[in-house]
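Okay, structure first, notes after.
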Amino acid sequence: MNEHDSERLAGIMVEDGLVPAVSESDADVIIFNTCTIRENADLKLYSALGHLKAVKERRPDLQIAVGGCMAQKDRGEILERAAWVDVVFGTHNIAAAPGLLARARSEGPVVEVFDAPDPEANRDMAPALYAVRELAFAAWITIQTGCDNTCAYCIVPSVRGGEISRPLDDLVAEARMLAASGVTEVTVLGQNVNSYGRDITGRRTLFAELLRALGEVEGIERIRFTSPHPKDLRPETIAAMAETTAVCPQLHLPLQSGSNRVLSSMRRGYSAERYLERLARARAEIDDLAVTTDLIVGFPGESDDEFDETLAVVAACEYDSAYTFIFSPREGTRGATMTDQFVASDVIKERFERLKEVLDRSALAKHAAREGRREEVLVEGPSKRNGAMLSGRTRQGKLIHFGDVGETLRPGSLAMVDVTHGAPYHLLGTVASTVRGPRHKVRIPLLSS
Ligand code: SF4
């Protein structure tokens with residue numbers, strides 16, 4: 001969500017007449033779009049702002065703005081700690097950034113943080129078309145903002161507010177516009193995508209309808225989504241995934257812990273058994289499904305036995321990959337108040353390593369099992385590991401590096417690639433054939449002599 005907000009913020013600034021700077025010293029405006037999910041984000045922001053103090057003294061016309069979740073949380077405190085900041089804005093008024101920067105030029109420092117989206121005052125729910133995207137052929141579509149859950153470790157509800165869904169028709173229209181501009185892959189984005197629409201209709205199956213409706217949009221060949229909440233993963237969603245050709249066989253289902261006591265303390269709303277049941281159903285109905293997850297190590301009170309329960313559930317789930325996090329107390333959450341139950345850092349470190357071993361084992365097995373298969377790959381560009389190779393994503397969302405074998409596959413092309421090797425975090429392969437070239441237009445810079 002934060003990355004997509006950054007894309008939209010960049011798009012809004014470009015629309016206002018700015019051009020991307022090649023370096024920090026070249027910039028007239030520097031905006032930090034902050035995230036508060038983990039504690040070190042706070043430290044990183046204030047350290048980066050500290051570094052800019054001398055720069056601002058040398059170049060008083062430089063404008064510095066701080067937006068995002070930390071600005072939403074800290075508001076005026078940011079100016080108290082870094083008086084050389086010009087603008088502070090929150091998660092609900094991203095689109096106001098150009099106006100706030102203009103105001104600050106005449107009035108001095110401005111802090112404007114809304115507690116809820118103000119549709120009249122900004123375009124926060126505006127189409128992804130405003131975004132400056134890293135990949136021209138792949139886009140995120142935000143379908144909802146905020147979250148109505150109260151997970152004990154999570155700061156999102158307090159900085160993003162309650163769930164607000166965008167109308168289904170607007171989302172389909174946005175997907176059509178994206179497809180017309182050459183986008184072929186969309187990732188549907190929300191804090192809890194499968195509760196999408198409940199705030200506008202009270203119906204429980206709207207996310208499934210949305211997936212089916214997006215699947216009808218001509219030109220959109222791949223649909224992904226993140227993240228569904230295990231407690232809300234309904235049979236209708238699984239059926240929509242299975243029956244909609246464009247929806248990729250990839251499910252990111254955050255487990256967080258495999259211990260029922262810890263899950264209850266986290267206020268997750270499901271048990272390990274319920275999670276396994278829903279995952280088994282998804283795997284049974286969706287052909288060749290890749291499954292990924294999120295896990296937190298060292299939630300307050302997590303005992304050795306409870307961590308072993310997590311290891312057992314993780315092993316049973318046979319994940320393709322996982323994001324693992326060390327518990328980070330976030331001020332304002334219930335987890336942060338459980339100080340008497342905090343787990344010692346050396347214990348967490350040891351648990352983290354054991355978890356990684358189990359996850360790497362299943363990832364390697366999943367990837368090795370794909371050796372010899374022919375996969376449809378959306379080409380992203382030259383490999384960051386080896387410039388002589390290309391990188392792309394399979395329909396399961398797996399990163400694959402492959403040789404081009406004489407064909408010049410441009411980013412956005414679709415190719416069939418034979419998998420030759422499966423490593424824990426990627427695949428290797430060789431191109432078998434080209435399916436099609438890119439659909440998006442590429443701007444060629446005009447050079448003057
Ligand atoms: S579902 Fe839980 S973890 Fe996810 S955003 Fe909402 S409160 Fe946070």
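Going by the structure tokens order, chains are called A, B, ..., each with residues numbered from 1, while ligands are numbered from 1 in the order shown.
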
Nearby residues (only C-alpha atoms) at most 6 Å from A:Glu7, same-chain spacing under 2 positions excluded, as a PyMOL selection string:
chain A and resi 4-5+9-10+131-133

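Those residues that approach A:Pro20 to within 12 Å, counting only C-alpha atoms, are Leu9, Ala10, Gly11, Ile12, Met13, Val14, Asp26, Ala27, Asp28, Val29, Ile30, Ile31 and Val132 of chain A; same-chain residues fewer than 6 positions away are not listed.
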
Give me, as a ChimeraX atom specification, the set of residues whose atoms come within 12 Å of any atom of ligand 1, counting only C-alpha atoms and all ligand atoms.
/A:1,36-37,144-163,189-195,226-232,253-256,263,266-270,294-296,330,333-335

Give me the residues near A:His401 as JSON, numbers by chain, where near means some atom within 9 Å (using only C-alpha atoms) and where sequence neighbours in that chain fewer than 2 positions away do not count.
{"A": [382, 383, 385, 386, 389, 390, 391, 392, 393, 399, 403, 426, 427, 428, 429, 430]}

For N, CA and C atoms, I'd like the residues from the last selection saved as a short mmCIF file (atom, residue, chain, number, x, y, z; two decimals), in the first residue's frame.
data_model
loop_
_atom_site.label_atom_id
_atom_site.label_comp_id
_atom_site.auth_asym_id
_atom_site.auth_seq_id
_atom_site.Cartn_x
_atom_site.Cartn_y
_atom_site.Cartn_z
N PRO A 382 16.08 -6.72 -17.90
CA PRO A 382 17.34 -7.41 -17.62
C PRO A 382 17.41 -7.86 -16.16
N SER A 383 18.00 -9.01 -15.94
CA SER A 383 18.13 -9.54 -14.59
C SER A 383 19.09 -8.68 -13.77
N ARG A 385 20.68 -9.81 -11.28
CA ARG A 385 21.78 -10.70 -10.89
C ARG A 385 22.81 -10.83 -12.00
N ASN A 386 22.32 -10.82 -13.24
CA ASN A 386 23.20 -11.09 -14.37
C ASN A 386 22.62 -10.38 -15.58
N MET A 389 21.11 -11.88 -18.71
CA MET A 389 19.85 -12.64 -18.65
C MET A 389 18.67 -11.69 -18.47
N LEU A 390 17.47 -12.22 -18.68
CA LEU A 390 16.25 -11.45 -18.42
C LEU A 390 15.59 -12.00 -17.16
N SER A 391 14.72 -11.17 -16.58
CA SER A 391 13.92 -11.63 -15.44
C SER A 391 12.45 -11.43 -15.75
N GLY A 392 11.64 -12.23 -15.12
CA GLY A 392 10.19 -12.08 -15.28
C GLY A 392 9.48 -12.86 -14.20
N ARG A 393 8.17 -12.91 -14.30
CA ARG A 393 7.36 -13.62 -13.31
C ARG A 393 6.50 -14.66 -14.01
N LEU A 399 9.73 -15.45 -9.39
CA LEU A 399 10.78 -14.75 -10.12
C LEU A 399 11.60 -15.77 -10.90
N GLY A 403 17.82 -17.04 -20.09
CA GLY A 403 18.57 -16.56 -21.25
C GLY A 403 17.60 -16.28 -22.39
N HIS A 426 14.22 -18.30 -6.40
CA HIS A 426 13.97 -17.99 -7.81
C HIS A 426 14.09 -19.26 -8.65
N LEU A 427 13.73 -19.09 -9.92
CA LEU A 427 13.89 -20.18 -10.88
C LEU A 427 14.88 -19.73 -11.96
N LEU A 428 15.49 -20.69 -12.66
CA LEU A 428 16.29 -20.37 -13.84
C LEU A 428 15.67 -21.07 -15.02
N GLY A 429 15.83 -20.51 -16.24
CA GLY A 429 15.23 -21.17 -17.39
C GLY A 429 15.79 -20.67 -18.70
N THR A 430 15.26 -21.22 -19.79
CA THR A 430 15.62 -20.76 -21.13
C THR A 430 14.34 -20.54 -21.93
#

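Atom to atom, atom CA of A:Tyr46 and atom CA of A:Ile78 stand 8.6 Å apart.
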
Enter the distance from atom CA of A:Ile348 to atom CA of A:Phe299, in Å, rounded to one decimal.
9.2 Å
